[in-house]
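Dumped final39.txt below, it's compact mmCIF, C-alpha atoms:
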# COMPACT_ATOMS: atom_id res chain seq x y z
CA MET A 205 -51.19 -67.98 -2.30
CA LYS A 206 -51.43 -65.90 0.90
CA PHE A 207 -48.19 -67.46 2.12
CA LEU A 208 -46.46 -66.61 -1.18
CA LEU A 209 -47.67 -63.01 -1.04
CA ARG A 210 -46.47 -62.67 2.52
CA LEU A 211 -43.08 -64.12 1.57
CA ILE A 212 -42.74 -61.68 -1.34
CA LEU A 213 -43.71 -58.80 0.94
CA LEU A 214 -41.20 -59.92 3.56
CA LEU A 215 -38.43 -60.18 0.95
CA ALA A 216 -39.30 -56.71 -0.36
CA VAL A 217 -39.12 -55.27 3.15
CA LEU A 218 -35.79 -57.02 3.79
CA LEU A 219 -34.34 -55.77 0.49
CA GLY A 220 -35.55 -52.26 1.24
CA ALA A 221 -33.99 -52.40 4.71
CA LEU A 222 -30.70 -53.69 3.28
CA PHE A 223 -30.71 -50.94 0.66
CA PHE A 224 -31.13 -48.18 3.21
CA PHE A 225 -28.60 -49.82 5.55
CA PHE A 226 -25.86 -50.08 2.90
CA ARG A 227 -26.76 -46.95 0.92
CA THR A 228 -23.83 -44.53 0.59
CA PRO A 229 -25.09 -41.07 -0.39
CA ASP A 230 -23.10 -38.49 -2.32
CA THR A 231 -20.58 -36.52 -0.32
CA ASP A 232 -21.18 -32.83 0.31
CA ARG A 233 -19.78 -30.70 -2.53
CA ALA A 234 -18.66 -27.77 -0.37
CA GLU A 235 -17.10 -30.05 2.23
CA MET A 236 -15.13 -31.97 -0.40
CA ILE A 237 -13.88 -28.79 -2.06
CA ALA A 238 -12.72 -27.47 1.30
CA LYS A 239 -11.02 -30.76 2.15
CA TYR A 240 -9.34 -31.61 -1.17
CA THR A 241 -8.21 -28.27 -2.58
CA ASN A 242 -4.92 -26.61 -1.67
CA GLU A 243 -3.36 -23.19 -2.19
CA ASN A 244 -2.63 -24.08 -5.83
CA SER A 245 -6.15 -25.25 -6.70
CA GLN A 246 -8.08 -23.33 -9.33
CA PHE A 247 -11.24 -23.80 -11.40
CA VAL A 248 -11.86 -22.95 -15.05
CA ALA A 249 -15.11 -23.11 -17.05
CA ASP A 250 -15.38 -26.25 -19.17
CA GLY A 251 -17.53 -24.60 -21.85
CA VAL A 252 -20.63 -26.73 -21.20
CA GLY A 253 -21.79 -25.33 -17.88
CA GLY A 254 -19.31 -26.85 -15.46
CA GLU A 255 -15.89 -26.11 -14.01
CA ILE A 256 -12.65 -28.05 -14.18
CA HIS A 257 -10.56 -28.36 -11.02
CA PHE A 258 -6.82 -28.08 -11.62
CA ARG A 259 -3.57 -27.25 -9.87
CA ASP A 260 -0.63 -25.25 -11.20
CA GLU A 261 2.42 -26.05 -9.07
CA GLY A 262 6.17 -26.33 -9.07
CA ASN A 263 8.83 -24.22 -10.75
CA LYS A 264 7.04 -21.77 -13.04
CA ALA A 265 10.30 -21.13 -14.91
CA GLY A 266 10.80 -24.80 -15.73
CA PRO A 267 9.46 -26.89 -18.63
CA ALA A 268 5.72 -27.53 -18.31
CA ILE A 269 4.34 -30.96 -17.47
CA LEU A 270 0.63 -31.81 -17.79
CA LEU A 271 -0.48 -34.77 -15.64
CA ILE A 272 -3.60 -36.74 -16.56
CA HIS A 273 -4.98 -39.38 -14.20
CA GLY A 274 -6.75 -42.63 -15.03
CA SER A 275 -10.32 -43.88 -14.80
CA SER A 276 -12.00 -43.39 -11.39
CA SER A 277 -8.88 -41.60 -10.16
CA LEU A 278 -8.12 -37.95 -9.35
CA LEU A 279 -5.33 -35.41 -9.60
CA GLN A 280 -4.04 -36.29 -6.12
CA THR A 281 -2.65 -39.50 -7.62
CA TRP A 282 0.23 -37.29 -8.84
CA GLU A 283 1.09 -35.65 -5.51
CA PRO A 284 4.20 -37.81 -4.95
CA LEU A 285 5.58 -36.78 -8.36
CA VAL A 286 4.77 -33.12 -7.71
CA ASP A 287 6.81 -33.31 -4.51
CA LEU A 288 9.73 -35.00 -6.28
CA LEU A 289 9.80 -32.98 -9.53
CA GLY A 290 8.34 -29.62 -8.53
CA ASP A 291 11.71 -27.97 -7.97
CA ARG A 292 12.62 -28.41 -11.66
CA TYR A 293 9.35 -28.38 -13.56
CA ARG A 294 6.10 -26.51 -13.78
CA ILE A 295 3.50 -29.18 -13.00
CA ILE A 296 -0.14 -28.84 -14.02
CA SER A 297 -2.69 -31.49 -13.06
CA LEU A 298 -6.45 -31.65 -13.45
CA ASP A 299 -9.51 -33.65 -12.47
CA LEU A 300 -11.08 -34.86 -15.71
CA GLN A 301 -14.86 -34.56 -15.96
CA GLY A 302 -16.61 -37.22 -13.91
CA HIS A 303 -13.69 -37.32 -11.47
CA GLY A 304 -12.47 -35.58 -8.35
CA LEU A 305 -13.75 -32.07 -7.70
CA THR A 306 -14.64 -31.40 -11.34
CA GLY A 307 -17.75 -33.56 -11.28
CA PRO A 308 -19.82 -34.72 -14.24
CA ARG A 309 -19.92 -33.19 -17.68
CA ALA A 310 -23.32 -31.72 -18.53
CA ASP A 311 -23.47 -33.25 -22.01
CA ASN A 312 -22.15 -36.67 -20.88
CA ASP A 313 -19.35 -36.50 -23.44
CA TYR A 314 -16.47 -38.56 -22.03
CA SER A 315 -14.65 -39.16 -25.30
CA ALA A 316 -10.93 -38.68 -25.83
CA ASN A 317 -11.62 -35.45 -27.74
CA ALA A 318 -13.72 -34.07 -24.86
CA PHE A 319 -10.98 -34.87 -22.34
CA ILE A 320 -8.33 -33.34 -24.62
CA SER A 321 -10.47 -30.20 -24.93
CA SER A 322 -10.65 -29.96 -21.12
CA ALA A 323 -6.89 -30.33 -20.80
CA LEU A 324 -6.36 -27.61 -23.39
CA LYS A 325 -8.69 -25.26 -21.49
CA VAL A 326 -6.48 -25.75 -18.44
CA LEU A 327 -3.31 -25.11 -20.44
CA ASP A 328 -4.86 -21.99 -21.95
CA GLU A 329 -5.92 -20.76 -18.51
CA THR A 330 -2.34 -21.13 -17.24
CA GLY A 331 -0.85 -19.52 -20.36
CA VAL A 332 1.07 -22.67 -21.29
CA GLU A 333 1.32 -23.22 -25.03
CA LYS A 334 3.06 -26.58 -24.99
CA ALA A 335 3.70 -29.26 -22.36
CA TYR A 336 4.89 -32.79 -21.75
CA TRP A 337 1.70 -34.84 -21.44
CA ILE A 338 2.04 -37.57 -18.82
CA GLY A 339 -0.88 -39.95 -18.39
CA ASN A 340 -1.69 -43.09 -16.44
CA SER A 341 -4.13 -45.75 -17.67
CA MET A 342 -7.07 -43.89 -19.29
CA GLY A 343 -5.02 -40.70 -18.91
CA GLY A 344 -2.33 -42.36 -21.01
CA TRP A 345 -4.95 -43.03 -23.68
CA VAL A 346 -5.92 -39.35 -23.57
CA SER A 347 -2.24 -38.34 -23.79
CA TRP A 348 -1.34 -40.37 -26.87
CA ARG A 349 -4.60 -39.36 -28.52
CA ALA A 350 -3.60 -35.72 -27.84
CA GLY A 351 -0.26 -36.42 -29.50
CA LEU A 352 -2.19 -37.38 -32.63
CA ALA A 353 -4.89 -34.70 -32.42
CA VAL A 354 -2.99 -31.59 -31.24
CA PRO A 355 0.73 -32.27 -31.76
CA ASP A 356 1.54 -28.56 -31.64
CA ARG A 357 0.50 -28.55 -27.94
CA VAL A 358 2.52 -31.66 -27.00
CA THR A 359 6.28 -31.48 -26.36
CA GLY A 360 6.53 -35.17 -25.49
CA VAL A 361 4.40 -38.01 -24.14
CA VAL A 362 4.95 -40.26 -21.11
CA LEU A 363 2.62 -43.24 -20.94
CA ILE A 364 2.37 -44.92 -17.53
CA ASP A 365 0.54 -48.26 -17.77
CA ALA A 366 -1.55 -46.66 -20.50
CA SER A 367 -4.70 -48.03 -22.10
CA GLY A 368 -5.56 -48.21 -25.78
CA ALA A 369 -3.16 -50.81 -27.17
CA GLN A 370 -4.97 -53.30 -29.38
CA THR A 371 -3.27 -56.59 -28.57
CA GLY A 372 -6.21 -58.96 -28.76
CA GLU A 373 -5.36 -60.10 -25.25
CA GLU A 374 -8.22 -60.74 -22.84
CA ILE A 375 -7.72 -58.86 -19.58
CA LYS A 376 -9.84 -59.07 -16.44
CA PRO A 377 -11.07 -55.71 -15.14
CA TYR A 378 -10.65 -54.92 -11.44
CA LEU A 379 -13.61 -55.54 -9.13
CA GLY A 380 -15.16 -52.07 -9.34
CA ALA A 381 -14.94 -52.07 -13.13
CA ARG A 382 -16.49 -55.54 -13.33
CA LEU A 383 -19.41 -54.42 -11.20
CA ALA A 384 -19.86 -51.25 -13.28
CA GLN A 385 -20.19 -53.43 -16.38
CA SER A 386 -22.85 -55.70 -14.88
CA THR A 387 -26.59 -55.05 -15.03
CA ILE A 388 -27.08 -55.09 -11.27
CA GLY A 389 -23.94 -53.01 -10.76
CA LYS A 390 -25.22 -50.30 -13.07
CA TRP A 391 -28.29 -49.99 -10.86
CA LEU A 392 -26.56 -50.31 -7.49
CA LEU A 393 -23.26 -48.44 -7.83
CA PRO A 394 -24.71 -44.91 -8.10
CA LYS A 395 -26.46 -45.59 -4.79
CA ILE A 396 -24.33 -48.14 -2.93
CA THR A 397 -20.54 -47.79 -2.95
CA PRO A 398 -19.13 -49.34 0.22
CA LYS A 399 -15.64 -48.37 1.23
CA PHE A 400 -14.46 -52.00 1.18
CA LEU A 401 -15.29 -52.13 -2.55
CA VAL A 402 -13.00 -49.16 -3.22
CA ARG A 403 -10.26 -50.72 -1.10
CA SER A 404 -10.58 -54.05 -2.91
CA SER A 405 -10.35 -52.35 -6.32
CA LEU A 406 -7.27 -50.38 -5.24
CA GLU A 407 -5.64 -53.53 -3.90
CA GLU A 408 -5.91 -55.02 -7.39
CA ASN A 409 -4.06 -51.96 -8.72
CA PHE A 410 -1.14 -52.30 -6.29
CA ALA A 411 1.64 -54.87 -6.43
CA GLN A 412 1.94 -54.62 -2.65
CA PRO A 413 -1.56 -53.91 -1.21
CA GLU A 414 -0.10 -53.31 2.25
CA ARG A 415 1.22 -50.01 0.88
CA LEU A 416 -2.35 -48.71 0.77
CA THR A 417 -3.14 -46.31 3.58
CA ASP A 418 -6.61 -45.66 4.97
CA GLU A 419 -6.16 -41.98 4.07
CA LEU A 420 -5.63 -42.88 0.41
CA VAL A 421 -8.61 -45.26 0.34
CA THR A 422 -10.82 -42.64 2.03
CA ARG A 423 -9.83 -40.02 -0.54
CA TYR A 424 -10.76 -42.26 -3.47
CA TRP A 425 -14.01 -43.29 -1.76
CA GLU A 426 -15.14 -39.78 -0.88
CA LEU A 427 -14.32 -38.26 -4.27
CA LEU A 428 -15.91 -41.13 -6.18
CA ARG A 429 -19.05 -40.08 -4.31
CA PHE A 430 -18.63 -36.39 -5.20
CA PRO A 431 -22.04 -35.36 -6.60
CA GLY A 432 -22.53 -36.85 -10.06
CA ASN A 433 -19.26 -38.79 -10.31
CA ARG A 434 -20.75 -42.25 -9.86
CA THR A 435 -23.34 -41.71 -12.58
CA ALA A 436 -20.64 -40.20 -14.80
CA THR A 437 -18.57 -43.37 -14.32
CA LEU A 438 -21.39 -45.43 -15.81
CA GLU A 439 -21.90 -42.93 -18.65
CA ARG A 440 -18.17 -43.02 -19.39
CA GLY A 441 -18.41 -46.79 -19.73
CA LYS A 442 -20.81 -46.32 -22.66
CA THR A 443 -18.39 -44.08 -24.53
CA PRO A 444 -16.79 -45.67 -27.64
CA ARG A 445 -13.01 -45.94 -27.19
CA GLU A 446 -12.30 -45.76 -30.95
CA PRO A 447 -9.86 -48.71 -31.12
CA GLU A 448 -9.17 -47.91 -34.77
CA LYS A 449 -7.04 -44.95 -33.61
CA TRP A 450 -4.41 -47.50 -32.59
CA ASP A 451 -3.58 -47.86 -36.29
CA ASP A 452 -2.29 -44.26 -36.26
CA ILE A 453 -0.10 -44.42 -33.15
CA GLY A 454 3.05 -45.04 -35.17
CA SER A 455 2.70 -41.56 -36.65
CA LEU A 456 3.40 -39.77 -33.36
CA LYS A 457 6.11 -37.19 -34.06
CA MET A 458 7.14 -36.26 -30.52
CA PRO A 459 9.38 -38.26 -28.14
CA VAL A 460 7.58 -41.00 -26.18
CA LEU A 461 8.59 -42.66 -22.91
CA LEU A 462 6.80 -45.78 -21.63
CA LEU A 463 6.75 -46.64 -17.91
CA TRP A 464 5.15 -49.87 -16.70
CA GLY A 465 4.63 -51.81 -13.49
CA LYS A 466 5.69 -55.40 -14.11
CA GLN A 467 2.97 -56.66 -11.76
CA ASP A 468 0.17 -54.70 -13.42
CA LYS A 469 -2.94 -56.90 -13.42
CA VAL A 470 -5.19 -54.22 -14.95
CA ILE A 471 -3.19 -53.49 -18.13
CA PRO A 472 -0.45 -56.12 -18.40
CA LEU A 473 3.14 -55.43 -19.40
CA SER A 474 2.44 -56.99 -22.80
CA HIS A 475 0.50 -53.81 -23.63
CA GLY A 476 3.55 -51.69 -22.82
CA GLN A 477 5.57 -53.90 -25.13
CA ALA A 478 2.94 -53.38 -27.83
CA PHE A 479 3.30 -49.60 -27.45
CA GLU A 480 7.08 -49.91 -27.70
CA ALA A 481 6.83 -51.97 -30.87
CA ALA A 482 4.29 -49.63 -32.49
CA ILE A 483 5.91 -46.24 -31.73
CA PRO A 484 9.26 -45.55 -33.44
CA GLY A 485 11.90 -44.49 -30.91
CA ALA A 486 9.77 -45.21 -27.84
CA ASN A 487 11.65 -46.49 -24.80
CA LEU A 488 10.05 -48.84 -22.25
CA ILE A 489 11.13 -48.88 -18.59
CA VAL A 490 9.70 -51.59 -16.32
CA TYR A 491 9.35 -51.41 -12.52
CA GLU A 492 9.68 -54.84 -10.95
CA ASP A 493 7.92 -53.91 -7.71
CA ALA A 494 4.92 -51.96 -9.02
CA GLY A 495 1.42 -52.61 -10.30
CA HIS A 496 -0.94 -50.37 -12.25
CA LEU A 497 -0.15 -47.16 -10.33
CA PRO A 498 3.65 -46.94 -10.11
CA MET A 499 3.58 -43.16 -9.63
CA GLU A 500 1.73 -43.77 -6.33
CA GLU A 501 3.31 -47.08 -5.35
CA THR A 502 6.98 -46.48 -6.27
CA PRO A 503 7.19 -42.73 -7.02
CA GLU A 504 10.95 -42.28 -6.55
CA PRO A 505 12.14 -44.30 -9.59
CA VAL A 506 9.24 -42.99 -11.67
CA ALA A 507 10.17 -39.38 -10.87
CA ARG A 508 13.85 -40.13 -11.51
CA ASP A 509 13.18 -41.59 -14.95
CA ILE A 510 10.79 -38.82 -15.99
CA GLY A 511 13.19 -36.15 -14.74
CA ASN A 512 16.17 -37.69 -16.55
CA TRP A 513 14.22 -38.13 -19.78
CA ILE A 514 12.90 -34.58 -19.87
CA GLY A 515 16.27 -33.22 -18.76
CA GLU A 516 18.02 -34.93 -21.67
CA LEU A 517 15.42 -33.70 -24.17
CA GLU A 518 15.64 -30.15 -22.86
CA ALA A 519 19.44 -30.23 -23.05
CA VAL A 520 19.25 -31.24 -26.71
CA ARG A 521 16.69 -28.49 -27.37
CA ASP A 522 18.96 -25.91 -25.70
CA GLN A 523 21.92 -27.03 -27.83
CA GLN A 524 19.83 -26.75 -30.97
CA THR A 525 18.70 -23.26 -29.97
CA GLU A 526 22.28 -22.18 -29.33
CA SER A 527 23.35 -23.63 -32.67
CA ASP A 528 20.55 -21.81 -34.49
CA VAL A 529 21.51 -18.51 -32.82
CA ALA A 530 25.16 -19.01 -33.74
CA ASN A 531 24.26 -19.65 -37.34

Final structure tokens representation of the file:
Amino acid sequence: MKFLLRLILLLAVLLGALFFFFRTPDTDRAEMIAKYTNENSQFVADGVGGEIHFRDEGNKAGPAILLIHGSSSLLQTWEPLVDLLGDRYRIISLDLQGHGLTGPRADNDYSANAFISSALKVLDETGVEKAYWIGNSMGGWVSWRAGLAVPDRVTGVVLIDASGAQTGEEIKPYLGARLAQSTIGKWLLPKITPKFLVRSSLEENFAQPERLTDELVTRYWELLRFPGNRTATLERGKTPREPEKWDDIGSLKMPVLLLWGKQDKVIPLSHGQAFEAAIPGANLIVYEDAGHLPMEETPEPVARDIGNWIGELEAVRDQQTESDVAN
């Protein structure tokens, strides 16, 4: 019995030592804000005691684009598109609650309606009545849900490897998501988030993992550890995704463009095909050499296709306006 007690005590000491050795504390709020804001960064009250970080960039005279990132991501995921499209379009991006420099939501509401409300607060703050909503992964889910909920604020929708399609297909979450769903992961992840775990999860999102830079991995790792974000990630996982809303997606009234990485292991191409089949008039473009994050991995063709699509829609709108004036 004494030997067993000593063994248990030794194991407890070893586990405690391992915990403190591998523990990754939250990053410093002020340091992260200083590091990851730029001259276009702003903050607006979210209505429940927090502030939403957003950027308003590009050509203020151009059509407005609202960019919405995916789960465990951040607004910097769109920087390549901002660089490529900013001369033609006004580009607004935000960190959803529980992400980036926005941090957690006080009431733990991470539903589609709560995210849509946050996006609308940003649009209102910038004075933009209507925008093209462009979303990746979970941000795509938020974007098509916005098309259903607030169509008067949505000019068009671009879904990039979006979530929410109900195909019945079993898909394997990436490593970080699998851990977040496990019992031990729910206890460990708010306290222990090694950088190699973030790198491994990102590698599963890229078709060509060698394209990952240490700077990009560091940014994801540091902002995941922004105070409250890791706990918010677990809370978000408890939020019902309302799969029944898929039944309404065919009623979207605005133009829809679908962009998909052919090598997406997180949300396979079959989901993009399901969106195309369910939404009248939707057009699907596939990128052979991209995974789940084509706007980061292959931004040039993504920017080209978005720019061409919006340009064509705006040309038609201008012709209609001229015709109405003439009549």

Pick out the closest residue to Ile338 (chain A) from this set: A:Val248, A:Ala318, A:Ala353, A:Ile295. Count all atoms listed in the file. A:Ile295

Interface rows for region 313-405 of chain A against region 451-462 of chain A: nearest pair, Å to one decimal, 8 Å, only C-alpha atoms, as a tab-separated table:
residue	atom	partner	partner_atom	distance
A:Trp348	CA	A:Ile453	CA	7.6
A:Gly351	CA	A:Leu456	CA	6.3
A:Leu352	CA	A:Leu456	CA	6.1
A:Pro355	CA	A:Lys457	CA	7.6
A:Val358	CA	A:Met458	CA	7.4
A:Thr359	CA	A:Met458	CA	6.4
A:Gly360	CA	A:Pro459	CA	5.0
A:Val361	CA	A:Val460	CA	4.8
A:Val362	CA	A:Leu461	CA	4.7
A:Leu363	CA	A:Leu462	CA	4.9
A:Ile364	CA	A:Leu462	CA	6.1
A:Asp365	CA	A:Leu462	CA	7.8

Keeping C-alpha atoms for every residue in the selection just given, could you write it to a file as a CSV table (one decimal), in the coordinates of the input?
chain,number,residue,atom,x,y,z
A,348,TRP,CA,-1.3,-40.4,-26.9
A,351,GLY,CA,-0.3,-36.4,-29.5
A,352,LEU,CA,-2.2,-37.4,-32.6
A,355,PRO,CA,0.7,-32.3,-31.8
A,358,VAL,CA,2.5,-31.7,-27.0
A,359,THR,CA,6.3,-31.5,-26.4
A,360,GLY,CA,6.5,-35.2,-25.5
A,361,VAL,CA,4.4,-38.0,-24.1
A,362,VAL,CA,5.0,-40.3,-21.1
A,363,LEU,CA,2.6,-43.2,-20.9
A,364,ILE,CA,2.4,-44.9,-17.5
A,365,ASP,CA,0.5,-48.3,-17.8

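Interatomic distance, CA of Gly368 (chain A) to CA of Ala436 (chain A): 20.3 Å.
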
When you look at region 487-494 of chain A with a cut-off of 10 Å (counting all atoms listed in the file), what residues show up, excluding the ones that are within fewer than 6 positions of it in the same chain? I need them as JSON, numbers by chain. {"A": [362, 363, 364, 365, 409, 410, 411, 412, 459, 460, 461, 462, 463, 464, 465, 466, 467, 468, 473, 476, 477, 479, 480, 481, 500, 501, 502, 503, 505, 506, 509]}

Residues of region 405-444 of chain A that approach region 310-314 of chain A to 9 Å or less, counting all atoms listed in the file: could you list each one with the shortest pair of atoms and its distance in Å to one decimal, rows by chain and increasing residue number, as a Markdown table?
| residue | atom | partner | partner_atom | distance |
| --- | --- | --- | --- | --- |
| A:Ala436 | CA | A:Asn312 | CA | 7.2 |
| A:Glu439 | CA | A:Asn312 | CA | 6.7 |
| A:Arg440 | CA | A:Tyr314 | CA | 5.5 |
| A:Gly441 | CA | A:Tyr314 | CA | 8.8 |
| A:Lys442 | CA | A:Tyr314 | CA | 8.9 |
| A:Thr443 | CA | A:Tyr314 | CA | 6.4 |

Would you output that residue set with C-alpha atoms, as a PDB file, keeping the file's coordinate frame?
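Writing the result to selection32.pdb gives the following:
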ATOM      1  CA  ALA A 436     -20.640 -40.200 -14.800  1.00  0.00           C
ATOM      2  CA  GLU A 439     -21.900 -42.930 -18.650  1.00  0.00           C
ATOM      3  CA  ARG A 440     -18.170 -43.020 -19.390  1.00  0.00           C
ATOM      4  CA  GLY A 441     -18.410 -46.790 -19.730  1.00  0.00           C
ATOM      5  CA  LYS A 442     -20.810 -46.320 -22.660  1.00  0.00           C
ATOM      6  CA  THR A 443     -18.390 -44.080 -24.530  1.00  0.00           C
TER       7      THR A 443
END

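Each of A:Pro308, A:Ala350, A:Ile269, A:Val470 was compared to Val252 (chain A) using all atoms listed in the file, and A:Pro308 turns out to be the nearest.
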
Taking all atoms listed in the file into account, which of A:Val421, A:Leu270, A:Ile256, A:Leu300 comes nearest Leu406 (chain A)? A:Val421

For each of A:Ser474, A:Gln246, A:Thr231, A:Asn263, take the minimum atom-to-atom distance to Glu373 (chain A), counting all atoms listed in the file, then give the residue where this is smallest. A:Ser474

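In this model, the gap between CA of Leu327 (chain A) and CA of Pro284 (chain A) comes to 21.4 Å.
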
Name all residues at most 10 Å from Lys325 (chain A) (count only C-alpha atoms; drop same-chain ones fewer than 4 positions away) and give them as a PyMOL selection string. chain A and resi 248-251+256+319-321+329-331

Output file for the residues above (C-alpha atoms, as an mmCIF file, in the coordinates of the input):
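Output file part-v3.cif follows:
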data_model
loop_
_atom_site.group_PDB
_atom_site.id
_atom_site.type_symbol
_atom_site.label_atom_id
_atom_site.label_comp_id
_atom_site.auth_asym_id
_atom_site.auth_seq_id
_atom_site.Cartn_x
_atom_site.Cartn_y
_atom_site.Cartn_z
ATOM 1 C CA VAL A 248 -11.860 -22.950 -15.050
ATOM 2 C CA ALA A 249 -15.110 -23.110 -17.050
ATOM 3 C CA ASP A 250 -15.380 -26.250 -19.170
ATOM 4 C CA GLY A 251 -17.530 -24.600 -21.850
ATOM 5 C CA ILE A 256 -12.650 -28.050 -14.180
ATOM 6 C CA PHE A 319 -10.980 -34.870 -22.340
ATOM 7 C CA ILE A 320 -8.330 -33.340 -24.620
ATOM 8 C CA SER A 321 -10.470 -30.200 -24.930
ATOM 9 C CA GLU A 329 -5.920 -20.760 -18.510
ATOM 10 C CA THR A 330 -2.340 -21.130 -17.240
ATOM 11 C CA GLY A 331 -0.850 -19.520 -20.360
#

d(CA of Ala369 (chain A), CA of His475 (chain A)) in Å: 5.9 Å

Would you mind telling me which residue in A:Arg508, A:Arg521, A:Lys264, A:His257 lies nearest to Leu298 (chain A) when using all atoms listed in the file? A:His257

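Between Thr228 (chain A) and the candidates A:Arg415, A:Arg349, A:Arg357, A:Arg429, the tightest atom-to-atom separation, counting only C-alpha atoms, involves A:Arg429.
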
Repaired coordinates for region 303-315 of chain A (N, CA, C and O atoms) as a CSV table (one decimal), in the coordinates of the input:
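Full text of part-v5.csv as output:
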chain,number,residue,atom,x,y,z
A,303,HIS,N,-14.7,-36.9,-12.4
A,303,HIS,CA,-13.7,-37.3,-11.5
A,303,HIS,C,-13.4,-36.2,-10.5
A,303,HIS,O,-13.6,-35.0,-10.8
A,304,GLY,N,-12.9,-36.6,-9.3
A,304,GLY,CA,-12.5,-35.6,-8.4
A,304,GLY,C,-13.5,-34.5,-8.1
A,304,GLY,O,-14.7,-34.7,-8.0
A,305,LEU,N,-12.9,-33.2,-8.0
A,305,LEU,CA,-13.8,-32.1,-7.7
A,305,LEU,C,-14.3,-31.4,-8.9
A,305,LEU,O,-15.0,-30.4,-8.8
A,306,THR,N,-14.1,-32.0,-10.1
A,306,THR,CA,-14.6,-31.4,-11.3
A,306,THR,C,-16.1,-31.8,-11.5
A,306,THR,O,-17.0,-31.0,-11.8
A,307,GLY,N,-16.4,-33.1,-11.2
A,307,GLY,CA,-17.8,-33.6,-11.3
A,307,GLY,C,-18.1,-33.9,-12.7
A,307,GLY,O,-17.3,-33.8,-13.6
A,308,PRO,N,-19.4,-34.2,-12.9
A,308,PRO,CA,-19.8,-34.7,-14.2
A,308,PRO,C,-19.9,-33.6,-15.3
A,308,PRO,O,-19.9,-32.4,-15.0
A,309,ARG,N,-19.8,-34.1,-16.5
A,309,ARG,CA,-19.9,-33.2,-17.7
A,309,ARG,C,-21.4,-33.1,-18.1
A,309,ARG,O,-22.1,-34.1,-18.2
A,310,ALA,N,-21.9,-31.9,-18.3
A,310,ALA,CA,-23.3,-31.7,-18.5
A,310,ALA,C,-23.8,-32.5,-19.8
A,310,ALA,O,-25.0,-32.9,-19.8
A,311,ASP,N,-23.0,-32.6,-20.8
A,311,ASP,CA,-23.5,-33.2,-22.0
A,311,ASP,C,-23.1,-34.7,-22.1
A,311,ASP,O,-23.3,-35.4,-23.1
A,312,ASN,N,-22.5,-35.3,-21.0
A,312,ASN,CA,-22.2,-36.7,-20.9
A,312,ASN,C,-21.2,-37.1,-22.0
A,312,ASN,O,-21.1,-38.3,-22.4
A,313,ASP,N,-20.4,-36.2,-22.4
A,313,ASP,CA,-19.4,-36.5,-23.4
A,313,ASP,C,-18.0,-36.8,-22.7
A,313,ASP,O,-17.4,-35.9,-22.2
A,314,TYR,N,-17.7,-38.1,-22.7
A,314,TYR,CA,-16.5,-38.6,-22.0
A,314,TYR,C,-15.5,-39.2,-23.0
A,314,TYR,O,-14.8,-40.2,-22.7
A,315,SER,N,-15.5,-38.7,-24.2
A,315,SER,CA,-14.6,-39.2,-25.3
A,315,SER,C,-13.2,-38.6,-25.1
A,315,SER,O,-13.0,-37.7,-24.3
